[in-house]
Each structure stands twice: as structure tokens, then as C-alpha cells.
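**Student:** Sharing a structure, written as C-alpha cells. Questions coming.
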Amino acid sequence: MSYRPSSVSNWYRYVSTMFRQTTGLLKQPRYLSFLGQKPWRFNSSSAKERALLYKAGEKIHGFTVNQVTDVPDLFLTAVKLTHDNTGARYLHVARDDSNNLFSVQFRTTPMDSTGVPHILEHTVLCGSEKFPCRDPFFKMLNRSLSTFMNAFTASDYTMYPFSTQNGKDFQNLLSVYLDAVFFPCLRELDFWQEGWRLEHENPTDPNAPLVFKGVVFNEMKGSFTDNERLYAQHLQNKLYPDHTYSVVSGGEPLDIPELSWEQLKQFHATHYHPSNARFFTYGNLPLEQHLKQIQEEALSRFQRTEPQTAVPPQTHWSNPREHHVTCGPDSLAPDPSKQNTVCVSYLLGDITDTFEAFTLNLLSSLMVTGPNSPFYKALIEAKIGTDFSSVVGFDGSIKEASFSVGMQGIAEKDIETVKEIIFRTVNEVIANGFEEERIEALLHKIEIQMKHQSTSFGLSLASYIATCWNHDGDPVEVLKISDKVTRFRQCLQDNPHFLQEKVKLYFKDNPHRLTLSMSPDESYFEKQAKAEDEKLKQKVSALSEEDKKLIYEKGLHLMAAQSTTQDASCLPALKVSDIQPTIPFTPVEMGNAGDVPVQYCAQPTNGMVYFRAMCSLNTLPEELKIYVPLFCNVITKLGCGVMDYRQQSQQIELKTGGMSVSPQIIPDATDLDVYEQGVLLSSSSLERNVPDMMRLWSEIINTACFDDEERLRVLVMMSAQELANGIPDSGHTYAMIRAARNLTPAGDLQETFDGMDQVNIMKRIAEMSNLTPILRKFPRIKKHLFNPENMRCAVNATPQMMSEASLEVEKLMNLIARKKKERKHVQPNIIEKPLDPLVGSSFSPGRKLISDPTFKPCQMKTYFQLPFPVNYVSECIRAVPFADQDYASLQILAQLMTAKFLHGEIREKGGAYGGGAKMGQGGLFAFYSYRDPNSITTLTAFRKGVEWAKAGKFTQQDIDEAKLSVFSAVDAPIAPSNKGISQFLNGIPDEMKQKHREQLFAVTHKSLVEVANKYLGIGQSTCGLAILGPPNESINKNPSWVVR
């Protein structure tokens, strides 16, 4: 469950599925982004073709078919329907994809910042008429094989999607979702837990001080510690001041306590009605079954109403406006004296004009994306700031689109300069237009995105059409991408100044323009805390003695309810026997390009070729390792051969779907003290462009340019800023990496590459006045990495393309300069293992792993003191590697503890946004919490969870549910581009996966209690602790903690 403010959601989309053992970040679709998720190519007699047989006017289970549309580019048929009695709208997308998706969305348009739609989104999932047990949503995560389950609140709609590959599971989840949204219990207890409440700090002590508690209250406190999100929220509120976009739909923390239970129920009654609903189904399951179930279980009980939820157009200003806001200082900012942000935003047109929105989105990309764009040249390369403002480019996520451009990380004195540059650049674009090659590169990107296949196409599609459909636009029109590309080309042909005229109309001559600046206030967090304290005093002073007594009793009542074991027998559930006993094996072939091993995996990639190369770090001197993440970040962006970085960027966009290099630390599947270290080269292209893709890699590897300090400075500042900005959303990940640091030999390197150490390393580099010493290290790093003796490659392509692709890989390997002098491995203990452990090394080329037989794990407790009002807490325990028979038991135990104990302790009682346990592939058992008002209490909850597990306080039904949840992750669909990659990267072939699968099935109550006692008890294994959070007096006084 999550909150997605629209301006923020265009910057990224935050979706957390806390009990899938991850908290994930999914990119929010810009106007085209779902196109990055493209289909499988399918045979005839398909779901798509069956759907074409429907006819307009046909009646099916209370619905009337309005329109049937073939969309061949996306291999789908769209069927639009209307419910006869209620007017509910329905779109079915038939496509031969087994990962079926359902979504229902309601237009939710709050007129205050109490967070009513967000709190309602949480509360409807806490029990319903048919399923009155508390928290059926989280319980279904463990009774289903869903590939996705969530709900999220945007600025003007609330959406409830799920997806699954199992037909029976689809019907089960549909029943639960329909009952939740249309017939929820909306109990007062659930409102207190999920929204807000006054409660004693210690609920059992009536003399303890009263404080604010509640999941959404704490979530939004955490959300607004993120300066990028805070800025985006202010920008939206001030650019659209007339109606629902002027408030915070997720809830302003100090306004949330003004919401009453009665107001929550009233909002549900007026907004959660079929007449205000849009239903969406996707996949290869039959439409009739969906319609029948939705009609019988929900819609048959309603009559049409006229919902008053439409958003009126924003009144256009006759003059531009300016505003200034403040935020908290960022202790990790690359330059503490440069923490200001300024941005200019323009109100554009109605999102339901789909071609105009498409055109403006392309125009936005031309203006701000990549080093060849005019705003990148004018702003980023002026080096007066660190990066674009958090909201940049086209935002089509609410009724009327906007375009924003600005800078963050600037000095106060440069605010006016940035504004002048923006206005000057607009004039230059009107005068000069855009190079034809840049437009072609952008249209090539669309072609790539339409061909690339993803496993979450249905979810991306639901998000992609949501805004237009929410405001009564035609969702099918949004899908006709090729038609829009054709029309766009025609417009350019008919009028060479087509795009310049749009810039003049929407930017130069548009008075509805907002300039918003934001500066840090040293006492910002202090003021926030004081304001919360005053709000609390105001609430408490209005209480009578009787009220206080009632609060105490209610607190005990809630705690008792949270501690009571719930009877979930009313909920539908799959059985373990519904899980497939075996996995389909993916055939791969091994070959060679010269002496370099290559894995070939033939897949239906729809005309795309995917290339990867793993390069070992084993010969790299230790002192250079801290620079590897930066090297990876910049190596494809500095220019190469005769191309400067702009020309290189243009060629990458014209010829590939992107080229990236990333650091890799891969734990061995059989030994905790063995790991592989390297960097991974990844790219994709259309089949016709494979020679160009390989030529680009050859030039990057052989002739990368390391002489442009100014270019490096720009990239360093952007990278440092991005890392600092990412901590509020990924704090739990940073805590887990730090807690694991001293538990395995790979842990220290993981902290260097991906942890808080890397944030601080980049901050230090960003503060350097001269980056030449850094530049000089890069040729040395390159020499060690890009050596055919230390490489292996993988290609995924269609069978017909394999022969040509293998020739191109061979050419590439022949072009890479071989090093005359053989470089010695820095670590003496190198273990060679075959790529396929089940085949002898003489038949299967090897991976060179590092072994550290002398490594001794040790406990370390680290506290990162940060200016956040919430904590991110982790405890990691050294356990066993993936191939160990106890790994499966620990994996099931982590899910069992999360669902049956930690969720209740950390989220329900503790008020954290999320928390749980996970068993990582690196052999570490990790506890974590996310946006948590507590720290030491949460560490105690982790320990209580261990005692609960050791005592075996769980049933066979609990174990079966944990297995279902684990298998839903294990069996998540894999895109053709990624098939065979776990063997290539991790040395885990399908046979090993199948053996692990059998071990998961074999987990018993006895084995779970045994592993809890064997690994998780105090003194049984070495553990590490880490917390990121606000100043904590008890930790500061405790000498066992290292405070950073």
C-alpha cells in the first residue's frame, strides 16, 4: 500500500509490497514509459483473436460491449464495456500473457490535506463483509501465488491492482478485492491503527504521555523528510491552486489528526461506488468469467448514481507567479552551501487530448533528456547546480499536464541566473529547433520500447492508461502508439516548425507559469517537531478526564485486538498442491568467442538482441576498488574514439536500447566465504543494429576518453546528489547492507559499492576542487577490467539470429586489446568453478571466485544519525549459502515470521510503514523495518520474533501459507531477455533451482524450529545491527554502538 502524489509520481513511482520480502521502487510511467514492457509473440487461435469476435452492442452478464479494437503493435485486443445498471466502465485487454491482472480504480478528489483517500485505501483492506477477519490483504499475500498485490493513492484516483498466473488464484483475489472496496467493515479500530490516534506512549501505562500514532501518520512524516518529494508536492499544490491538486491527497502530517472516522466513512460512500469506478482486466483468461463474477459478487447490489468527483479545469492565470518554500538541510549534500532548488513550471493542456499529450511528451524529451538536449547543455553544464530539479520534464499524471525545468544543489545567489538561463533557452529552441537525428533517436527509442518484453506488462498498462481514463478520456486511444508516431512524422513533414511553434505556444507565450524556489532552513526539523508538539497539546487540552480514560481503554482494546490470533478461515486460499512440482528448464548452449566463454540462450525476443559481458575485478589493486562504482557510472558517458560524449550519447540512442556498466558482487551458492567480484556490461538492440552495438562497445572498451575533467565533474555532482536524495526511500536497504558488513568476506565490498560508504565516498569526490587525480585512475581500472582473459559473455536472441549474433560477439572479442603481461590476481585464493556446477570444468568454462579461508565474522552495531523523524532498522545474521539444505527452511521461516509475528509487532503495534524478515541469496538472514517511529523497540521485536520461532508457535496452515508466498516469488515470470541469466551470473543452473524447489516443498514444522534454534538464537551465529534515524540518546550513551 502506498501513496503516489502525482508530481512526485512522475519523478518516480513508489510502490511497496512489504511482504514479498522486498520493498521495491518501480519507475513511474511518464507518458511513454509502459512501452518499455513489451509482449511475447504468440501463435494464432489466441486470446487476442478470440476477443476480436465480440461485437459492439453485445450484452454479457449485465455489461454492454461498446467497442472492440485490434492493437497489433502491442499484440492485444481492447474490449470496452459499460455496466448497464451502474454505468461502471470496463476495459479488457486480451493478450496471450499468462500473468493476468485485475485493477479497479476510483476517482478520489479530496478537498483537504487530512489524507482521507490514503487512509481509506489502507482501511478498506482491513476487513470486509464476506471476509471480516482483520487485514485480509496481508493475509492473502500468504494464501495466494500472486505476482503482484498492492494498492496506491494518487492525487486524484485510488487504484487496487493484483496479478497472478493461476486462474483459481485470480478468482480468489478478485473476490477479496471486490468485497474490500465495495463492502469494507471500516472499523474504528482499523482507522486508529492505519490512520491516526492519540495513545499513551506505553499503551499499558495511563500516566505515560499521549502521542500521535498511526501507520499513515508515520508514513507521511517519513515521506516529507525527502526534500525532492516535498518540493514536488509544493509545486503541484501551487501550480494548480483551485481544486483537489491544491491539497496533499496522501495527508499532510499535521492535518491528518483533523480527520474523523465519520468523515472517512462518508468519503467511502461518495467515492467508492461503481458509477465512479473503472475496471481493468488483462491477460489470457476469458472475459466472460470476470464479468460474471464482478456482476454477481458486487455490481448487482448497486444502482447508478451521479458521482460529483469530476475535476474542473484549472483557471488559467493572466500573469506568472512566484513562490518560495523551505526544507530541512541535507547533511549528505555534495556542497552544504549549495542546497537551493529553483524550477519553472508551465501548465499545458488537458491530458485527454492524447495526440497533443504524446507530442508534448516527445517535445519534453527533446528539451531535457541527455547531454544533447538544450536544457542539459544550458543548465547542467553551466555547473551552477548538481542536477535538474526533482520534477523535470513532462508530467501527465493529473488532469492537465505540465512541463517543469530547473536546478537543485545551487547557491542562493544563482537562483536568478537559473531563471534567466531557462527563459533564454526557450527562446533559443524557438529560433533553432531540433536536429533531425535527435528526433530520429527518440522515435527509435519508442520502437525499442514497443519490442522489448517485460513480465509486468499488464500492471504497466493499467498505470499508463489510468490518468487519461480517470478524466473521461479514451484509454484505447492512448494505446495506439504507431498511429501517433505516423501522425507526428506527418506534422513535422507538413510544418518543419511544428515543434518550435509548440514551444512558443506552451512556454514563451504561456502566462500560467510558476517559479518555485526552495531553500534549507537549519531549524526546519525543529519547527516541524514544535508544530507537531503544539498540535498534540491542542488536542490533549481539549480532552476531558472521561475522554482520557476512554483513550486509555481504546489503546488497550486496540493492543488486545492486535495481539489476538485471527481466524482467517473465511478467506479463500490455494493449497501447496496447486504449486507446480517442477520448473520448466531453459536450454542454454555454451560456445566461445576466441578464448572467451559465451552462453547462448535462444528465446522469442521479438526482434531484440540482449548482450551481457561479465568482467572480473580479481586483478584490480585494492586501492582502486572504491572508484569502481563511479567508473561504471561514467564509462559510457565520457566519449570514446573520435566521438565526444554528446556524439556518443546520440549513437547509443540511435543504435541501442541503452548501454550500462554495473558493479557486481555475487555470493557463491555453496560457500559463505567465497564470492565473485566484477562489473557487468549490459546492452540491447534491434537485430539490424547488432553490429553497431558491438562497435560501440569496442570503442568504449578500447578508446574511452579520460581527459574531460569538466564532464566528469558534472557526472560526479549528479551521482552524489542522486545518492543523497535516495536515502529516505531506501534507508532499510542501506541499514541491511551495513548490518551485513562484517558477516561475510563480500560484505565489506558490498558496503563500499552499494552502502552508506559509497554515499560518503561520492560526497568526498564531489567536494574535491580538482578531479584530475580521479580521472587518472580510470585508465588503470579499465586495463584490469576489460581483458578477454577475465571475461565471459551471454547473448539472448531469437534462434534465427544466433549465428549472426555469435559472429558479432567474436568480432568484438577480437577487437579488444589483449594485455601482453599476464596480471596477477590480487587475492591469492582464487577458486575456479564451472558456469554449470553440474558439468565438469573441462566442459564448462569457469568463473573465478575469491575465497577467504581466514575470514572471521564479527559483530558490529552502527548508528547513522540523520535528520529524519523516522528510523530504518536492520539486524543481519550469518546463516547458510543457497545450496545448503537449511536455506529453504530459513527462507520459509523468514516469510512465516514476517506474516505471523513481525507484521503485527512492527507495523500494527509499532506504527512502522513496513517491516519483516528475509533470507538473502548471500546466506544472511535479515530483519528490517521501514519508516519506523521506533528503533530499540523494533530490535526487541526482532528478538521476540526469534523466541516465537524457536518455540514453534505456528501451525501447518501457517507453514503452507508461507510456502505459497515464497513460491509466488520463486515462480515470478522471467522475461525472454533474462532467461538463463541466473546460471550465467550466479552459477545456479535449473537443476540446482529444481533441487532447491524440492527442499522448499519438504520444509516441516520440525525443520523450521531446528533452524530457528540453530542459527537465530543469541550466540548461535554472528549478527550485525544498523540503524539510520534521528538522534537517539540511549544509543549515544551505549559504547557498544558506533555512531556515525
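Numbering starts fresh at 1 for the residues of each chain in the C-alpha cells, the chains themselves are lettered A, B, ... in the order given, and ligands are numbered from 1 as they appear.
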So that I can check the surroundings of Phe162 in chain A, please list as an MDAnalysis selection string every protein, DNA and RNA residue that reaches within 10 Å of it, counting only C-alpha atoms and ignoring chain neighbours fewer than 6 positions away.
**Tutor:** chainID A and resid 99:104 146:151 170 173:174 177 281 458:459
**Student:** Considering only C-alpha atoms, return as an MDAnalysis selection string whatever protein or nucleic-acid residues lie within 8 Å of range 57-73 of chain A, sequence-local ones (same chain, fewer than 4 positions apart) excluded.
**Tutor:** chainID A and resid 51:52 77:85 288 291:292 295 450 476 479:482
**Student:** Pull all heavy atoms from the residues just selected and write them as a short mmCIF file (atom, residue, chain, number, x, y, z; two decimals), in the first residue's frame.
**Tutor:**
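In the end it all went to again_0.cif:
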data_model
loop_
_atom_site.label_atom_id
_atom_site.label_comp_id
_atom_site.auth_asym_id
_atom_site.auth_seq_id
_atom_site.Cartn_x
_atom_site.Cartn_y
_atom_site.Cartn_z
N ALA A 51 -10.95 -12.42 -28.63
CA ALA A 51 -11.60 -11.18 -28.21
C ALA A 51 -12.12 -10.37 -29.39
O ALA A 51 -13.07 -9.59 -29.26
CB ALA A 51 -10.64 -10.33 -27.38
N LEU A 52 -11.51 -10.56 -30.56
CA LEU A 52 -11.96 -9.83 -31.75
C LEU A 52 -13.36 -10.27 -32.20
O LEU A 52 -14.00 -9.60 -33.01
CB LEU A 52 -10.97 -10.02 -32.90
CG LEU A 52 -9.67 -9.21 -32.81
CD1 LEU A 52 -8.66 -9.68 -33.85
CD2 LEU A 52 -9.95 -7.72 -32.98
N THR A 77 -5.95 -7.10 -28.06
CA THR A 77 -7.28 -6.63 -28.46
C THR A 77 -7.89 -5.95 -27.24
O THR A 77 -7.92 -6.52 -26.15
CB THR A 77 -8.18 -7.79 -28.91
OG1 THR A 77 -7.57 -8.43 -30.04
CG2 THR A 77 -9.57 -7.30 -29.29
N ALA A 78 -8.38 -4.72 -27.43
CA ALA A 78 -9.00 -3.97 -26.35
C ALA A 78 -10.52 -4.02 -26.51
O ALA A 78 -11.05 -3.71 -27.58
CB ALA A 78 -8.52 -2.52 -26.37
N VAL A 79 -11.21 -4.43 -25.43
CA VAL A 79 -12.67 -4.51 -25.44
C VAL A 79 -13.20 -3.54 -24.38
O VAL A 79 -12.92 -3.71 -23.19
CB VAL A 79 -13.16 -5.94 -25.12
CG1 VAL A 79 -14.69 -6.02 -25.23
CG2 VAL A 79 -12.51 -6.96 -26.05
N LYS A 80 -13.94 -2.52 -24.84
CA LYS A 80 -14.51 -1.53 -23.92
C LYS A 80 -15.96 -1.88 -23.66
O LYS A 80 -16.72 -2.16 -24.60
CB LYS A 80 -14.43 -0.12 -24.52
CG LYS A 80 -13.31 0.70 -23.98
CD LYS A 80 -13.45 2.20 -24.12
CE LYS A 80 -13.88 2.70 -25.46
NZ LYS A 80 -13.70 4.17 -25.55
N LEU A 81 -16.36 -1.85 -22.38
CA LEU A 81 -17.73 -2.17 -21.99
C LEU A 81 -18.24 -1.15 -20.98
O LEU A 81 -17.45 -0.43 -20.35
CB LEU A 81 -17.82 -3.58 -21.37
CG LEU A 81 -17.20 -4.75 -22.12
CD1 LEU A 81 -15.82 -5.08 -21.57
CD2 LEU A 81 -18.09 -5.99 -22.03
N THR A 82 -19.57 -1.13 -20.81
CA THR A 82 -20.20 -0.33 -19.75
C THR A 82 -21.18 -1.22 -19.00
O THR A 82 -21.87 -2.05 -19.62
CB THR A 82 -20.97 0.87 -20.35
OG1 THR A 82 -20.09 1.60 -21.19
CG2 THR A 82 -21.49 1.79 -19.25
N HIS A 83 -21.23 -1.05 -17.68
CA HIS A 83 -22.21 -1.81 -16.88
C HIS A 83 -23.57 -1.13 -17.00
O HIS A 83 -23.69 0.08 -16.78
CB HIS A 83 -21.76 -1.87 -15.42
CG HIS A 83 -22.61 -2.77 -14.58
ND1 HIS A 83 -23.43 -2.29 -13.59
CD2 HIS A 83 -22.79 -4.11 -14.62
CE1 HIS A 83 -24.07 -3.32 -13.02
NE2 HIS A 83 -23.69 -4.43 -13.64
N ASP A 84 -24.58 -1.91 -17.35
CA ASP A 84 -25.88 -1.34 -17.68
C ASP A 84 -26.52 -0.60 -16.51
O ASP A 84 -27.03 0.51 -16.67
CB ASP A 84 -26.83 -2.44 -18.19
CG ASP A 84 -26.28 -3.13 -19.43
OD1 ASP A 84 -25.53 -2.47 -20.17
OD2 ASP A 84 -26.58 -4.32 -19.64
N ASN A 85 -26.49 -1.19 -15.32
CA ASN A 85 -27.22 -0.59 -14.18
C ASN A 85 -26.49 0.58 -13.54
O ASN A 85 -27.12 1.52 -13.08
CB ASN A 85 -27.48 -1.66 -13.10
CG ASN A 85 -28.72 -2.46 -13.42
OD1 ASN A 85 -29.37 -2.23 -14.43
ND2 ASN A 85 -29.03 -3.43 -12.55
N GLU A 288 -15.59 -13.37 -20.06
CA GLU A 288 -16.94 -13.67 -19.53
C GLU A 288 -16.91 -14.04 -18.06
O GLU A 288 -17.76 -13.63 -17.28
CB GLU A 288 -17.60 -14.82 -20.32
CG GLU A 288 -18.02 -14.46 -21.72
CD GLU A 288 -16.91 -14.71 -22.73
OE1 GLU A 288 -15.73 -14.79 -22.30
OE2 GLU A 288 -17.20 -14.79 -23.93
N LEU A 291 -16.53 -10.91 -15.92
CA LEU A 291 -17.76 -10.10 -15.88
C LEU A 291 -18.81 -10.75 -14.99
O LEU A 291 -19.49 -10.07 -14.21
CB LEU A 291 -18.31 -9.92 -17.30
CG LEU A 291 -17.41 -9.16 -18.29
CD1 LEU A 291 -18.07 -9.10 -19.66
CD2 LEU A 291 -17.09 -7.76 -17.80
N LYS A 292 -18.94 -12.07 -15.11
CA LYS A 292 -19.93 -12.80 -14.31
C LYS A 292 -19.64 -12.64 -12.83
O LYS A 292 -20.53 -12.35 -12.02
CB LYS A 292 -19.89 -14.28 -14.72
CG LYS A 292 -20.91 -15.18 -14.00
CD LYS A 292 -20.88 -16.58 -14.64
CE LYS A 292 -21.98 -17.46 -14.10
NZ LYS A 292 -21.75 -17.93 -12.73
N GLN A 295 -20.19 -9.00 -11.63
CA GLN A 295 -21.63 -8.70 -11.55
C GLN A 295 -22.27 -9.37 -10.34
O GLN A 295 -22.98 -8.73 -9.55
CB GLN A 295 -22.31 -9.18 -12.86
CG GLN A 295 -23.82 -9.29 -12.81
CD GLN A 295 -24.54 -7.95 -12.69
OE1 GLN A 295 -23.91 -6.90 -12.66
NE2 GLN A 295 -25.85 -7.99 -12.57
N MET A 450 8.62 -0.64 -27.75
CA MET A 450 7.48 -1.43 -28.17
C MET A 450 7.86 -2.88 -28.44
O MET A 450 7.01 -3.76 -28.44
CB MET A 450 6.84 -0.81 -29.42
CG MET A 450 6.12 0.49 -29.10
SD MET A 450 5.46 1.31 -30.56
CE MET A 450 4.12 0.21 -30.98
N VAL A 476 -8.32 3.52 -24.96
CA VAL A 476 -7.86 2.77 -26.13
C VAL A 476 -7.04 3.67 -27.05
O VAL A 476 -6.04 3.24 -27.64
CB VAL A 476 -9.06 2.14 -26.88
CG1 VAL A 476 -8.58 1.39 -28.11
CG2 VAL A 476 -9.82 1.19 -25.95
N LEU A 479 -3.41 3.79 -26.40
CA LEU A 479 -2.60 2.62 -26.77
C LEU A 479 -2.15 2.63 -28.23
O LEU A 479 -1.29 1.84 -28.61
CB LEU A 479 -3.41 1.34 -26.53
CG LEU A 479 -3.91 1.11 -25.10
CD1 LEU A 479 -4.70 -0.18 -25.01
CD2 LEU A 479 -2.76 1.11 -24.11
N LYS A 480 -2.73 3.50 -29.04
CA LYS A 480 -2.43 3.47 -30.49
C LYS A 480 -1.15 4.26 -30.76
O LYS A 480 -1.17 5.35 -31.33
CB LYS A 480 -3.61 4.02 -31.27
CG LYS A 480 -4.88 3.17 -31.13
CD LYS A 480 -6.05 3.78 -31.89
CE LYS A 480 -7.30 2.95 -31.77
NZ LYS A 480 -8.46 3.62 -32.41
N ILE A 481 -0.04 3.69 -30.36
CA ILE A 481 1.24 4.38 -30.41
C ILE A 481 1.70 4.61 -31.85
O ILE A 481 2.11 5.70 -32.22
CB ILE A 481 2.31 3.59 -29.64
CG1 ILE A 481 1.82 3.23 -28.23
CG2 ILE A 481 3.61 4.37 -29.58
CD1 ILE A 481 1.48 4.38 -27.36
N SER A 482 1.62 3.55 -32.68
CA SER A 482 2.11 3.68 -34.05
C SER A 482 1.35 4.75 -34.82
O SER A 482 1.93 5.49 -35.62
CB SER A 482 1.99 2.34 -34.79
OG SER A 482 2.98 1.46 -34.32
#
**Student:** Pick from A:Arg695, A:Lys539, A:Lys963, A:His118: nearest to Arg197 in chain A, with only C-alpha atoms counted?
**Tutor:**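 Of A:Arg695, A:Lys539, A:Lys963, A:His118, the one nearest Arg197 in chain A is A:Lys539, counting only C-alpha atoms.
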**Student:** Applying 8 Å and only C-alpha atoms, which residues near Thr703 in chain A remain after dropping the ones on its own chain fewer than 5 positions away? List them as a PyMOL selection string.
**Tutor:** chain A and resi 640-641+698
**Student:** Take the residues that were just selected and, keeping N, CA and C atoms, output them as a short mmCIF file (atom, residue, chain, number, x, y, z; two decimals), in the first residue's frame.
**Tutor:**
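Wrote again30.cif, looks like this:
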data_model
loop_
_atom_site.label_atom_id
_atom_site.label_comp_id
_atom_site.auth_asym_id
_atom_site.auth_seq_id
_atom_site.Cartn_x
_atom_site.Cartn_y
_atom_site.Cartn_z
N CYS A 640 34.29 8.41 -26.65
CA CYS A 640 35.24 7.35 -26.98
C CYS A 640 35.66 7.50 -28.43
N GLY A 641 36.88 7.09 -28.72
CA GLY A 641 37.39 7.20 -30.09
C GLY A 641 37.32 8.63 -30.58
N SER A 698 33.15 -1.87 -28.50
CA SER A 698 34.57 -1.94 -28.84
C SER A 698 35.25 -0.59 -28.61
#
**Student:** As an MDAnalysis selection string, please: the residues near Met367 in chain A (cut-off 12 Å, only C-alpha atoms, same-chain neighbours under 5 positions excluded).
**Tutor:** chainID A and resid 360:362 372:379 392:394 403:405 422 425:426 428:430 433:435 438:439 442 499:500 503 507
**Student:** List the spatial neighbours of Arg792 in chain A as an MDAnalysis selection string - criterion: any atom at most 12 Å away, only C-alpha atoms, same-chain residues fewer than 4 positions off excluded.
**Tutor:** chainID A and resid 590:600 611:616 678:681 785:788 809:810 813 834:835 844:848 984:985
**Student:** Identify, on the basis of only C-alpha atoms, every residue whose closest approach to range 108-114 of chain A does not exceed 8 Å; exclude the query and any residue fewer than 3 positions from it along the same chain; express the result as number ranges by chain.
**Tutor:** A: 117, 155-158, 243-244, 247-253, 255-259, 271, 309-311
**Student:** Please save N, CA and C atoms of the selected residues as a CSV table (one decimal), in the first residue's frame.
**Tutor:**
chain,number,residue,atom,x,y,z
A,117,PRO,N,-8.2,9.9,1.3
A,117,PRO,CA,-8.2,8.8,0.3
A,117,PRO,C,-7.1,7.8,0.6
A,155,SER,N,-2.9,11.6,-6.8
A,155,SER,CA,-3.6,12.8,-6.4
A,155,SER,C,-5.1,12.8,-6.6
A,156,ASP,N,-5.5,12.1,-7.6
A,156,ASP,CA,-6.9,12.1,-8.0
A,156,ASP,C,-7.6,10.8,-8.3
A,157,TYR,N,-6.9,9.7,-8.0
A,157,TYR,CA,-7.5,8.4,-8.1
A,157,TYR,C,-6.8,7.4,-7.1
A,158,THR,N,-7.6,6.4,-6.7
A,158,THR,CA,-7.0,5.3,-5.9
A,158,THR,C,-7.2,4.0,-6.7
A,243,HIS,N,-8.4,23.6,-7.0
A,243,HIS,CA,-9.2,22.4,-6.6
A,243,HIS,C,-8.5,21.4,-5.9
A,244,THR,N,-8.7,20.1,-6.2
A,244,THR,CA,-8.1,19.0,-5.5
A,244,THR,C,-6.6,18.9,-5.5
A,247,VAL,N,-4.3,20.3,-2.5
A,247,VAL,CA,-4.1,19.7,-1.2
A,247,VAL,C,-3.2,18.4,-1.4
A,248,VAL,N,-2.9,17.8,-0.2
A,248,VAL,CA,-2.0,16.7,-0.2
A,248,VAL,C,-2.9,15.4,0.0
A,249,SER,N,-3.1,14.7,-1.1
A,249,SER,CA,-4.0,13.6,-1.0
A,249,SER,C,-3.5,12.5,-0.1
A,250,GLY,N,-2.2,12.4,0.0
A,250,GLY,CA,-1.6,11.4,1.0
A,250,GLY,C,-1.7,11.8,2.4
A,251,GLY,N,-1.9,13.1,2.6
A,251,GLY,CA,-2.1,13.6,4.0
A,251,GLY,C,-0.9,14.4,4.5
A,252,GLU,N,-1.1,15.6,4.8
A,252,GLU,CA,-0.1,16.4,5.5
A,252,GLU,C,0.0,16.0,7.0
A,253,PRO,N,1.1,15.6,7.5
A,253,PRO,CA,1.1,15.0,8.9
A,253,PRO,C,0.3,15.8,9.9
A,255,ASP,N,-2.2,17.8,9.4
A,255,ASP,CA,-3.6,17.8,9.1
A,255,ASP,C,-4.3,16.5,9.3
A,256,ILE,N,-3.5,15.4,9.3
A,256,ILE,CA,-4.1,14.1,9.4
A,256,ILE,C,-4.9,14.0,10.7
A,257,PRO,N,-4.5,14.5,11.9
A,257,PRO,CA,-5.3,14.4,13.1
A,257,PRO,C,-6.6,15.2,13.0
A,258,GLU,N,-6.9,15.9,12.0
A,258,GLU,CA,-8.2,16.5,11.8
A,258,GLU,C,-9.3,15.6,11.2
A,259,LEU,N,-8.8,14.5,10.7
A,259,LEU,CA,-9.8,13.5,10.0
A,259,LEU,C,-10.5,12.7,11.1
A,271,HIS,N,-17.4,8.1,-2.9
A,271,HIS,CA,-16.3,7.9,-3.9
A,271,HIS,C,-16.2,6.4,-4.4
A,309,THR,N,-17.4,13.9,-8.7
A,309,THR,CA,-16.0,13.8,-8.4
A,309,THR,C,-15.1,14.4,-9.6
A,310,ALA,N,-15.8,14.9,-10.6
A,310,ALA,CA,-15.0,15.5,-11.7
A,310,ALA,C,-14.2,16.6,-11.3
A,311,VAL,N,-13.0,16.7,-11.9
A,311,VAL,CA,-12.1,17.8,-11.6
A,311,VAL,C,-12.3,18.9,-12.6
**Student:** What are the DSSP strand (DSSP E or B) residues of range 102-267 of chain A, as a PyMOL selection string?
**Tutor:** chain A and resi 102-107+128+146-149+152-153+157-164+184+197-200+210-213
**Student:** As a list in words, please: the residues near Asn1036 in chain A (cut-off 12 Å, only C-alpha atoms, same-chain neighbours under 4 positions excluded).
**Tutor:** Lys861, Thr862, Tyr863, Phe864, Gln865, Pro1030, Pro1031, Asn1032, Ser1040, Trp1041, Val1042, Val1043 and Arg1044 of chain A
**Student:** Could you pull out all residues of range 604-779 of chain A with a DSSP call of helix (DSSP H, G or I) and give them as an MDAnalysis selection string?
**Tutor:** chainID A and resid 622:634 645:655 687:703 709:739 745:754 756:767 772:779
**Student:** When distances are computed from only C-alpha atoms, which of A:Lys265, A:Arg943, A:Lys221, A:Lys55 shows the smallest separation from Val116 in chain A?
**Tutor:** A:Lys265
**Student:** Between CA of Phe212 in chain A and CA of Glu532 in chain A, what is the distance in Å, rounded to a tenth?
**Tutor:**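 Separating CA of Phe212 in chain A from CA of Glu532 in chain A is a distance of 8.9 Å.
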**Student:** One number please: CA of Gln1020 in chain A to CA of Glu961 in chain A, in Å, one decimal.
**Tutor:** 27.5 Å
**Student:** Which is closest to Ile988 in chain A among A:Trp948, A:Tyr1015, A:Phe706, A:Phe882, if we use only C-alpha atoms?
**Tutor:**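 Looking at the shortest contact to Ile988 in chain A, the residue is A:Phe882.
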